[in-house]
Amino acid sequence: MNAPDTGANVGHATDAGAGHDAPDQTRLRQLADEQAALRRVATLVAGGARPTEVFTAVADELGRLIGAEASFVSRVEVSSGHRPGPAGEPSGEHGEPEGTCVVAASHGRTREEVPVGYRFQLVPGTIHATALQTGRPARVSGDQLAKGPYGELTRKLGLRAAVATPIVVEARYWGVALAATVRADFPPGTESRIADFTELAATAIANAQAEQELRELADTQAALRRLAMLVARGEPPEAVFAAVTREVLRHFGNGTARMIRYELDGTATLVANEGTTGPHVRVGKRWEGYPPTGLTATVLRTGQAARVDDYRDIPGGEPYLSEGLRSAVAMPIHVNGRLWGMIAVGSGQGPLRPDTEQRMAEFTGLVATAVANAQYRAELITSRARIVAASDEARRLIERDLHDGAQQRLLALALRLRSAAAPLGSDESGTEIRDVAAGLVDVIDELREISRGIHPAILSRAGLRPALRALGRRSAVPVDMDVRIDGRLPEPVEVGAYYVVSEMLTNAAKHAHASVVEVDAEASGGTLRVSVRDDGVGGADPLRGSGLVGLKDRIEALGGTFSMHSPAGGGTTVSCELPALAGGQPDAGPGE
């Protein structure tokens, strides 16, 4: 019985004292609405929403919360060399904020005219600048709003009043939240409501950004690992350059990414391109017609990072505008203390983020490593090829000297001894002379075998196919040989393949105790492929000092590949591939 009476009294008192209690009830409803709005934003963050989604939710909730027809969240991007000041301190050098604001989210009427990505300067005296300068909410209405630098825009939208408050993230001014209305003004207390909401929403923004940064870091690290694997595998420089350029475009740009190499004569070569193209874009060709105030010329001149915020302001920027590009950032690539080139990323929208240069630094460092590794590898291959060529030339000279010198002289001596022994008949002296002559013939045969091992004359005269068949005929182990080679190959390639087959036939007889050896050699598509397989005991180990190490070095010095499979009891198989194009010399790598 008492409960209903109490309730009636409460209701009656509330009605009678509306002038005193109604504001309290209104504030409670407002607090409940704010908490509900914040919970919705927090749920997005907890669900892993991206910052753009969180920014949009904050703008939407703010607009609905205070009944604003338009609201947006903008992020401060300070000018080069500055950063947003700590909360409570002025942003600029003289108490005036510097740089630009970039719209991160719009709600209501602003979505069409002030879209995401819209940029505007922090002009002293404007509502954004005032909020950042004072660190407190700012209100503008009536003629003051219409007369500002954005008066035309506000008149077009029919807005008559606005309230802005700074957004503080991690004790620094991150941006500004603004709400605007078509009414004459917002009710009193709107500043504190917006400030309270944005103070709590800043936590959601910070959390969303932290999650995004972690995702970006993980994504960047994964990309760097992929690229590092390409470098570690010794992939061709062109493949590494293309892969790096793709990753840079994916991470930092939305238009194009390019890698350019500076040549010693002052020109530049486009080595990789991803994204937009035009008549001036020709990978592998000289990068011509770039503006003297553009990125390519600036990086070449300064050796430092450079950016173009708007190609409309750059003389000669028309080709880039025709591609749909508006802005770009370029990072220099230094190799061994010298400017090697640059990598650039372009956007079809406004200026790229201020931290783009810093974020790209890891990729350019990896590119420098890849270029240096490619150069070292090319130099090593060239050096090894020169050593192999010099060794082969020395072998050829020794073989020629033995054939034309010692062998011929010994053969002449043997013939003279036989002639001298003929008149003596079967006398003891004649027999002894004939025995000496026979011994000389044996020495000549041994020298002939030695000269074949040093450098086979048949290889020089007739080429690889007859030389391999001759090896098969002389082998102590039966050989099943299939040679599909037409004509001559570059001499270093023929010599390398010959020694692979020769060494494996010798090993099959001496060490593998094989009953048969299969030799397969084919030249096609600019590549010579050679495979030698025996059915011996297996277990060959190049590390034990066999001639296999020398074979591997020789083949790789010619730009080829060498592999061996020799399980115990399973025989031994050696396979190699060699570039068999005219000239036979490996590619020396990137132009330097």
# chains A, B, ... in the order shown; residues from 1 in each chain; ligands from 1
call {"tool": "residues_around", "arguments": {"residues": "Gly487 in chain A", "least_positions_apart": "3", "cutoff": "10 Å", "atoms": "only C-alpha atoms", "output": "list in words"}}
result
Ala462, Gly463, Leu464, Arg465 and Ala523 of chain A
call {"tool": "write_last_selection", "arguments": {"atoms": "N, CA, C and O atoms", "output": "compact mmCIF listing (two decimals), in the first residue's frame"}}
result
# COMPACT_ATOMS: atom_id res chain seq x y z
N ALA A 462 86.46 -30.73 -82.57
CA ALA A 462 85.17 -31.22 -83.07
C ALA A 462 83.97 -30.79 -82.23
O ALA A 462 82.83 -30.88 -82.70
N GLY A 463 84.16 -30.38 -80.98
CA GLY A 463 83.04 -29.95 -80.17
C GLY A 463 82.63 -30.96 -79.11
O GLY A 463 83.23 -32.03 -78.95
N LEU A 464 81.57 -30.64 -78.37
CA LEU A 464 81.20 -31.42 -77.19
C LEU A 464 80.63 -32.79 -77.54
O LEU A 464 80.96 -33.79 -76.88
N ARG A 465 79.80 -32.88 -78.54
CA ARG A 465 79.17 -34.17 -78.83
C ARG A 465 80.19 -35.26 -79.16
O ARG A 465 80.17 -36.33 -78.53
N ALA A 523 70.97 -29.71 -75.49
CA ALA A 523 71.06 -28.26 -75.61
C ALA A 523 69.79 -27.77 -76.30
O ALA A 523 69.51 -28.15 -77.44
call {"tool": "residues_around", "arguments": {"residues": "Ile333 in chain A", "least_positions_apart": "6", "cutoff": "10 Å", "atoms": "only C-alpha atoms", "output": "PDB file with all heavy atoms, in the first residue's frame"}}
result
ATOM      1  N   MET A 259      60.725   2.290 -59.400  1.00  0.00           N
ATOM      2  CA  MET A 259      62.118   2.270 -58.989  1.00  0.00           C
ATOM      3  C   MET A 259      62.965   2.749 -60.165  1.00  0.00           C
ATOM      4  O   MET A 259      62.784   2.296 -61.298  1.00  0.00           O
ATOM      5  CB  MET A 259      62.565   0.876 -58.541  1.00  0.00           C
ATOM      6  CG  MET A 259      63.930   0.872 -57.894  1.00  0.00           C
ATOM      7  SD  MET A 259      64.449  -0.790 -57.378  1.00  0.00           S
ATOM      8  CE  MET A 259      63.167  -1.184 -56.198  1.00  0.00           C
ATOM      9  N   ILE A 260      63.865   3.668 -59.864  1.00  0.00           N
ATOM     10  CA  ILE A 260      64.690   4.296 -60.900  1.00  0.00           C
ATOM     11  C   ILE A 260      66.150   4.190 -60.516  1.00  0.00           C
ATOM     12  O   ILE A 260      66.503   4.385 -59.350  1.00  0.00           O
ATOM     13  CB  ILE A 260      64.285   5.781 -61.073  1.00  0.00           C
ATOM     14  CG1 ILE A 260      62.862   5.849 -61.646  1.00  0.00           C
ATOM     15  CG2 ILE A 260      65.256   6.524 -61.962  1.00  0.00           C
ATOM     16  CD1 ILE A 260      62.292   7.239 -61.661  1.00  0.00           C
ATOM     17  N   ARG A 261      66.995   3.847 -61.485  1.00  0.00           N
ATOM     18  CA  ARG A 261      68.441   3.745 -61.262  1.00  0.00           C
ATOM     19  C   ARG A 261      69.124   4.904 -61.972  1.00  0.00           C
ATOM     20  O   ARG A 261      68.864   5.189 -63.144  1.00  0.00           O
ATOM     21  CB  ARG A 261      68.977   2.422 -61.818  1.00  0.00           C
ATOM     22  CG  ARG A 261      70.469   2.209 -61.572  1.00  0.00           C
ATOM     23  CD  ARG A 261      70.919   0.868 -62.125  1.00  0.00           C
ATOM     24  NE  ARG A 261      70.879   0.818 -63.574  1.00  0.00           N
ATOM     25  CZ  ARG A 261      70.343  -0.181 -64.281  1.00  0.00           C
ATOM     26  NH1 ARG A 261      69.795  -1.192 -63.662  1.00  0.00           N
ATOM     27  NH2 ARG A 261      70.354  -0.150 -65.603  1.00  0.00           N
ATOM     28  N   TYR A 262      70.017   5.566 -61.248  1.00  0.00           N
ATOM     29  CA  TYR A 262      70.805   6.655 -61.833  1.00  0.00           C
ATOM     30  C   TYR A 262      72.034   6.064 -62.512  1.00  0.00           C
ATOM     31  O   TYR A 262      72.745   5.236 -61.930  1.00  0.00           O
ATOM     32  CB  TYR A 262      71.228   7.652 -60.764  1.00  0.00           C
ATOM     33  CG  TYR A 262      70.078   8.398 -60.132  1.00  0.00           C
ATOM     34  CD1 TYR A 262      69.857   8.363 -58.766  1.00  0.00           C
ATOM     35  CD2 TYR A 262      69.204   9.149 -60.917  1.00  0.00           C
ATOM     36  CE1 TYR A 262      68.796   9.044 -58.183  1.00  0.00           C
ATOM     37  CE2 TYR A 262      68.139   9.834 -60.353  1.00  0.00           C
ATOM     38  CZ  TYR A 262      67.936   9.779 -58.985  1.00  0.00           C
ATOM     39  OH  TYR A 262      66.885  10.454 -58.424  1.00  0.00           O
ATOM     40  N   VAL A 299      66.011  14.245 -56.062  1.00  0.00           N
ATOM     41  CA  VAL A 299      66.757  13.217 -55.343  1.00  0.00           C
ATOM     42  C   VAL A 299      68.169  13.090 -55.912  1.00  0.00           C
ATOM     43  O   VAL A 299      69.142  12.935 -55.168  1.00  0.00           O
ATOM     44  CB  VAL A 299      66.014  11.869 -55.391  1.00  0.00           C
ATOM     45  CG1 VAL A 299      66.874  10.749 -54.791  1.00  0.00           C
ATOM     46  CG2 VAL A 299      64.691  11.960 -54.643  1.00  0.00           C
ATOM     47  N   GLY A 303      70.361  13.896 -53.037  1.00  0.00           N
ATOM     48  CA  GLY A 303      70.621  12.634 -52.352  1.00  0.00           C
ATOM     49  C   GLY A 303      69.713  12.410 -51.162  1.00  0.00           C
ATOM     50  O   GLY A 303      69.953  11.514 -50.345  1.00  0.00           O
ATOM     51  N   GLN A 304      68.642  13.215 -51.048  1.00  0.00           N
ATOM     52  CA  GLN A 304      67.729  13.149 -49.917  1.00  0.00           C
ATOM     53  C   GLN A 304      66.326  12.791 -50.384  1.00  0.00           C
ATOM     54  O   GLN A 304      66.010  12.867 -51.574  1.00  0.00           O
ATOM     55  CB  GLN A 304      67.697  14.498 -49.174  1.00  0.00           C
ATOM     56  CG  GLN A 304      69.047  14.985 -48.691  1.00  0.00           C
ATOM     57  CD  GLN A 304      69.631  14.100 -47.610  1.00  0.00           C
ATOM     58  OE1 GLN A 304      68.898  13.587 -46.759  1.00  0.00           O
ATOM     59  NE2 GLN A 304      70.942  13.908 -47.639  1.00  0.00           N
ATOM     60  N   ALA A 305      65.468  12.424 -49.416  1.00  0.00           N
ATOM     61  CA  ALA A 305      64.069  12.163 -49.724  1.00  0.00           C
ATOM     62  C   ALA A 305      63.416  13.440 -50.250  1.00  0.00           C
ATOM     63  O   ALA A 305      63.826  14.554 -49.915  1.00  0.00           O
ATOM     64  CB  ALA A 305      63.336  11.666 -48.489  1.00  0.00           C
ATOM     65  N   LEU A 339      74.908   7.183 -54.299  1.00  0.00           N
ATOM     66  CA  LEU A 339      73.502   7.231 -54.686  1.00  0.00           C
ATOM     67  C   LEU A 339      73.284   6.335 -55.897  1.00  0.00           C
ATOM     68  O   LEU A 339      73.744   6.638 -56.996  1.00  0.00           O
ATOM     69  CB  LEU A 339      73.085   8.678 -54.999  1.00  0.00           C
ATOM     70  CG  LEU A 339      71.618   8.875 -55.405  1.00  0.00           C
ATOM     71  CD1 LEU A 339      70.681   8.492 -54.277  1.00  0.00           C
ATOM     72  CD2 LEU A 339      71.384  10.317 -55.840  1.00  0.00           C
ATOM     73  N   TRP A 340      72.574   5.234 -55.682  1.00  0.00           N
ATOM     74  CA  TRP A 340      72.321   4.263 -56.753  1.00  0.00           C
ATOM     75  C   TRP A 340      71.057   4.609 -57.527  1.00  0.00           C
ATOM     76  O   TRP A 340      70.990   4.472 -58.742  1.00  0.00           O
ATOM     77  CB  TRP A 340      72.199   2.870 -56.153  1.00  0.00           C
ATOM     78  CG  TRP A 340      71.929   1.784 -57.144  1.00  0.00           C
ATOM     79  CD1 TRP A 340      72.841   1.056 -57.847  1.00  0.00           C
ATOM     80  CD2 TRP A 340      70.629   1.309 -57.560  1.00  0.00           C
ATOM     81  NE1 TRP A 340      72.200   0.152 -58.667  1.00  0.00           N
ATOM     82  CE2 TRP A 340      70.851   0.286 -58.511  1.00  0.00           C
ATOM     83  CE3 TRP A 340      69.325   1.638 -57.219  1.00  0.00           C
ATOM     84  CZ2 TRP A 340      69.799  -0.401 -59.109  1.00  0.00           C
ATOM     85  CZ3 TRP A 340      68.275   0.963 -57.827  1.00  0.00           C
ATOM     86  CH2 TRP A 340      68.528  -0.049 -58.761  1.00  0.00           C
ATOM     87  N   GLY A 341      70.030   5.033 -56.795  1.00  0.00           N
ATOM     88  CA  GLY A 341      68.761   5.318 -57.456  1.00  0.00           C
ATOM     89  C   GLY A 341      67.740   5.792 -56.452  1.00  0.00           C
ATOM     90  O   GLY A 341      68.081   6.335 -55.391  1.00  0.00           O
ATOM     91  N   MET A 342      66.477   5.566 -56.761  1.00  0.00           N
ATOM     92  CA  MET A 342      65.405   5.994 -55.863  1.00  0.00           C
ATOM     93  C   MET A 342      64.184   5.116 -56.089  1.00  0.00           C
ATOM     94  O   MET A 342      64.058   4.449 -57.123  1.00  0.00           O
ATOM     95  CB  MET A 342      65.031   7.448 -56.098  1.00  0.00           C
ATOM     96  CG  MET A 342      64.291   7.693 -57.397  1.00  0.00           C
ATOM     97  SD  MET A 342      63.658   9.370 -57.527  1.00  0.00           S
ATOM     98  CE  MET A 342      62.114   9.064 -58.420  1.00  0.00           C
ATOM     99  N   ILE A 343      63.294   5.109 -55.101  1.00  0.00           N
ATOM    100  CA  ILE A 343      62.001   4.442 -55.243  1.00  0.00           C
ATOM    101  C   ILE A 343      60.942   5.451 -54.853  1.00  0.00           C
ATOM    102  O   ILE A 343      61.069   6.159 -53.851  1.00  0.00           O
ATOM    103  CB  ILE A 343      61.920   3.154 -54.402  1.00  0.00           C
ATOM    104  CG1 ILE A 343      60.617   2.412 -54.711  1.00  0.00           C
ATOM    105  CG2 ILE A 343      62.064   3.429 -52.919  1.00  0.00           C
ATOM    106  CD1 ILE A 343      60.620   0.975 -54.230  1.00  0.00           C
ATOM    107  N   ALA A 361      61.495   3.805 -45.260  1.00  0.00           N
ATOM    108  CA  ALA A 361      62.941   3.674 -45.053  1.00  0.00           C
ATOM    109  C   ALA A 361      63.374   2.213 -44.979  1.00  0.00           C
ATOM    110  O   ALA A 361      64.429   1.840 -45.508  1.00  0.00           O
ATOM    111  CB  ALA A 361      63.361   4.417 -43.786  1.00  0.00           C
ATOM    112  N   PHE A 363      62.081  -0.371 -46.443  1.00  0.00           N
ATOM    113  CA  PHE A 363      62.071  -0.977 -47.774  1.00  0.00           C
ATOM    114  C   PHE A 363      63.267  -0.514 -48.602  1.00  0.00           C
ATOM    115  O   PHE A 363      63.894  -1.317 -49.297  1.00  0.00           O
ATOM    116  CB  PHE A 363      60.764  -0.631 -48.499  1.00  0.00           C
ATOM    117  CG  PHE A 363      59.594  -1.447 -48.041  1.00  0.00           C
ATOM    118  CD1 PHE A 363      58.849  -1.052 -46.948  1.00  0.00           C
ATOM    119  CD2 PHE A 363      59.251  -2.616 -48.684  1.00  0.00           C
ATOM    120  CE1 PHE A 363      57.773  -1.800 -46.513  1.00  0.00           C
ATOM    121  CE2 PHE A 363      58.179  -3.382 -48.257  1.00  0.00           C
ATOM    122  CZ  PHE A 363      57.436  -2.969 -47.166  1.00  0.00           C
ATOM    123  N   THR A 364      63.591   0.776 -48.523  1.00  0.00           N
ATOM    124  CA  THR A 364      64.734   1.254 -49.300  1.00  0.00           C
ATOM    125  C   THR A 364      66.030   0.657 -48.773  1.00  0.00           C
ATOM    126  O   THR A 364      66.952   0.399 -49.545  1.00  0.00           O
ATOM    127  CB  THR A 364      64.811   2.790 -49.264  1.00  0.00           C
ATOM    128  OG1 THR A 364      64.822   3.242 -47.908  1.00  0.00           O
ATOM    129  CG2 THR A 364      63.634   3.404 -49.979  1.00  0.00           C
ATOM    130  N   GLY A 365      66.106   0.425 -47.453  1.00  0.00           N
ATOM    131  CA  GLY A 365      67.286  -0.241 -46.912  1.00  0.00           C
ATOM    132  C   GLY A 365      67.430  -1.648 -47.461  1.00  0.00           C
ATOM    133  O   GLY A 365      68.535  -2.099 -47.786  1.00  0.00           O
ATOM    134  N   LEU A 366      66.305  -2.358 -47.588  1.00  0.00           N
ATOM    135  CA  LEU A 366      66.338  -3.709 -48.143  1.00  0.00           C
ATOM    136  C   LEU A 366      66.705  -3.685 -49.622  1.00  0.00           C
ATOM    137  O   LEU A 366      67.444  -4.548 -50.105  1.00  0.00           O
ATOM    138  CB  LEU A 366      64.981  -4.386 -47.952  1.00  0.00           C
ATOM    139  CG  LEU A 366      64.918  -5.856 -48.367  1.00  0.00           C
ATOM    140  CD1 LEU A 366      65.792  -6.705 -47.461  1.00  0.00           C
ATOM    141  CD2 LEU A 366      63.490  -6.367 -48.322  1.00  0.00           C
ATOM    142  N   VAL A 367      66.201  -2.690 -50.338  1.00  0.00           N
ATOM    143  CA  VAL A 367      66.559  -2.561 -51.755  1.00  0.00           C
ATOM    144  C   VAL A 367      68.061  -2.356 -51.896  1.00  0.00           C
ATOM    145  O   VAL A 367      68.714  -2.968 -52.755  1.00  0.00           O
ATOM    146  CB  VAL A 367      65.796  -1.388 -52.404  1.00  0.00           C
ATOM    147  CG1 VAL A 367      66.307  -1.148 -53.815  1.00  0.00           C
ATOM    148  CG2 VAL A 367      64.313  -1.671 -52.427  1.00  0.00           C
ATOM    149  N   ALA A 368      68.621  -1.497 -51.029  1.00  0.00           N
ATOM    150  CA  ALA A 368      70.062  -1.253 -51.087  1.00  0.00           C
ATOM    151  C   ALA A 368      70.831  -2.548 -50.855  1.00  0.00           C
ATOM    152  O   ALA A 368      71.832  -2.832 -51.530  1.00  0.00           O
ATOM    153  CB  ALA A 368      70.461  -0.211 -50.059  1.00  0.00           C
ATOM    154  N   THR A 369      70.365  -3.360 -49.902  1.00  0.00           N
ATOM    155  CA  THR A 369      71.009  -4.651 -49.646  1.00  0.00           C
ATOM    156  C   THR A 369      70.900  -5.564 -50.857  1.00  0.00           C
ATOM    157  O   THR A 369      71.869  -6.233 -51.243  1.00  0.00           O
ATOM    158  CB  THR A 369      70.361  -5.327 -48.432  1.00  0.00           C
ATOM    159  OG1 THR A 369      70.510  -4.477 -47.287  1.00  0.00           O
ATOM    160  CG2 THR A 369      71.009  -6.672 -48.142  1.00  0.00           C
ATOM    161  N   VAL A 371      70.506  -4.697 -54.009  1.00  0.00           N
ATOM    162  CA  VAL A 371      71.362  -4.197 -55.084  1.00  0.00           C
ATOM    163  C   VAL A 371      72.821  -4.533 -54.810  1.00  0.00           C
ATOM    164  O   VAL A 371      73.548  -5.004 -55.695  1.00  0.00           O
ATOM    165  CB  VAL A 371      71.182  -2.673 -55.240  1.00  0.00           C
ATOM    166  CG1 VAL A 371      72.207  -2.110 -56.219  1.00  0.00           C
ATOM    167  CG2 VAL A 371      69.781  -2.351 -55.717  1.00  0.00           C
TER     168      VAL A 371
END
call {"tool": "atom_distance", "arguments": {"atom1": "CA of Tyr118 in chain A", "atom2": "CA of Asp355 in chain A"}}
result
18.2 Å
call {"tool": "residues_around", "arguments": {"residues": "range 411-423 of chain A", "least_positions_apart": "4", "cutoff": "6 Å", "atoms": "only C-alpha atoms", "output": "VMD selection string"}}
result
chain A and resid 430 433 to 434 437 440
call {"tool": "write_last_selection", "arguments": {"atoms": "all heavy atoms", "output": "mmCIF file, in the first residue's frame"}}
result
data_model
loop_
_atom_site.group_PDB
_atom_site.id
_atom_site.type_symbol
_atom_site.label_atom_id
_atom_site.label_comp_id
_atom_site.auth_asym_id
_atom_site.auth_seq_id
_atom_site.Cartn_x
_atom_site.Cartn_y
_atom_site.Cartn_z
ATOM 1 N N GLY A 430 120.427 -55.219 -80.776
ATOM 2 C CA GLY A 430 119.203 -54.888 -81.499
ATOM 3 C C GLY A 430 117.969 -55.088 -80.633
ATOM 4 O O GLY A 430 117.029 -54.287 -80.668
ATOM 5 N N ILE A 433 117.696 -52.252 -78.150
ATOM 6 C CA ILE A 433 117.253 -50.999 -78.774
ATOM 7 C C ILE A 433 115.753 -51.054 -79.061
ATOM 8 O O ILE A 433 115.013 -50.085 -78.848
ATOM 9 C CB ILE A 433 118.054 -50.745 -80.062
ATOM 10 C CG1 ILE A 433 119.513 -50.430 -79.725
ATOM 11 C CG2 ILE A 433 117.439 -49.578 -80.851
ATOM 12 C CD1 ILE A 433 120.404 -50.319 -80.950
ATOM 13 N N ARG A 434 115.273 -52.244 -79.533
ATOM 14 C CA ARG A 434 113.839 -52.392 -79.805
ATOM 15 C C ARG A 434 113.028 -52.265 -78.513
ATOM 16 O O ARG A 434 111.928 -51.693 -78.510
ATOM 17 C CB ARG A 434 113.576 -53.729 -80.493
ATOM 18 C CG ARG A 434 113.909 -53.703 -81.995
ATOM 19 C CD ARG A 434 113.393 -54.935 -82.680
ATOM 20 N NE ARG A 434 114.142 -56.122 -82.275
ATOM 21 C CZ ARG A 434 115.265 -56.544 -82.853
ATOM 22 N NH1 ARG A 434 115.770 -55.851 -83.886
ATOM 23 N NH2 ARG A 434 115.890 -57.616 -82.440
ATOM 24 N N ALA A 437 112.741 -48.642 -77.707
ATOM 25 C CA ALA A 437 111.763 -48.022 -78.607
ATOM 26 C C ALA A 437 110.339 -48.320 -78.152
ATOM 27 O O ALA A 437 109.454 -47.444 -78.168
ATOM 28 C CB ALA A 437 111.980 -48.501 -80.036
ATOM 29 N N LEU A 440 109.509 -46.207 -75.219
ATOM 30 C CA LEU A 440 109.177 -44.846 -75.630
ATOM 31 C C LEU A 440 107.737 -44.753 -76.145
ATOM 32 O O LEU A 440 107.030 -43.769 -75.882
ATOM 33 C CB LEU A 440 110.143 -44.379 -76.713
ATOM 34 C CG LEU A 440 111.548 -43.967 -76.247
ATOM 35 C CD1 LEU A 440 112.415 -43.664 -77.450
ATOM 36 C CD2 LEU A 440 111.455 -42.749 -75.334
#
call {"tool": "closest_residue", "arguments": {"among": "A:Val176, A:Val248, A:Ala195, A:Val140", "to": "Thr356 in chain A", "atoms": "only C-alpha atoms"}}
result
A:Val248
call {"tool": "atom_distance", "arguments": {"atom1": "CA of Ile458 in chain A", "atom2": "CA of Val517 in chain A"}}
result
21.8 Å
call {"tool": "atom_distance", "arguments": {"atom1": "CA of Arg554 in chain A", "atom2": "CA of Gly570 in chain A"}}
result
25.9 Å
call {"tool": "select_by_dssp", "arguments": {"residues": "range 164-312 of chain A", "states": "strand (DSSP E)", "output": "ChimeraX atom specification"}}
result
/A:164-169,172-181,256-262,268-275,306-308
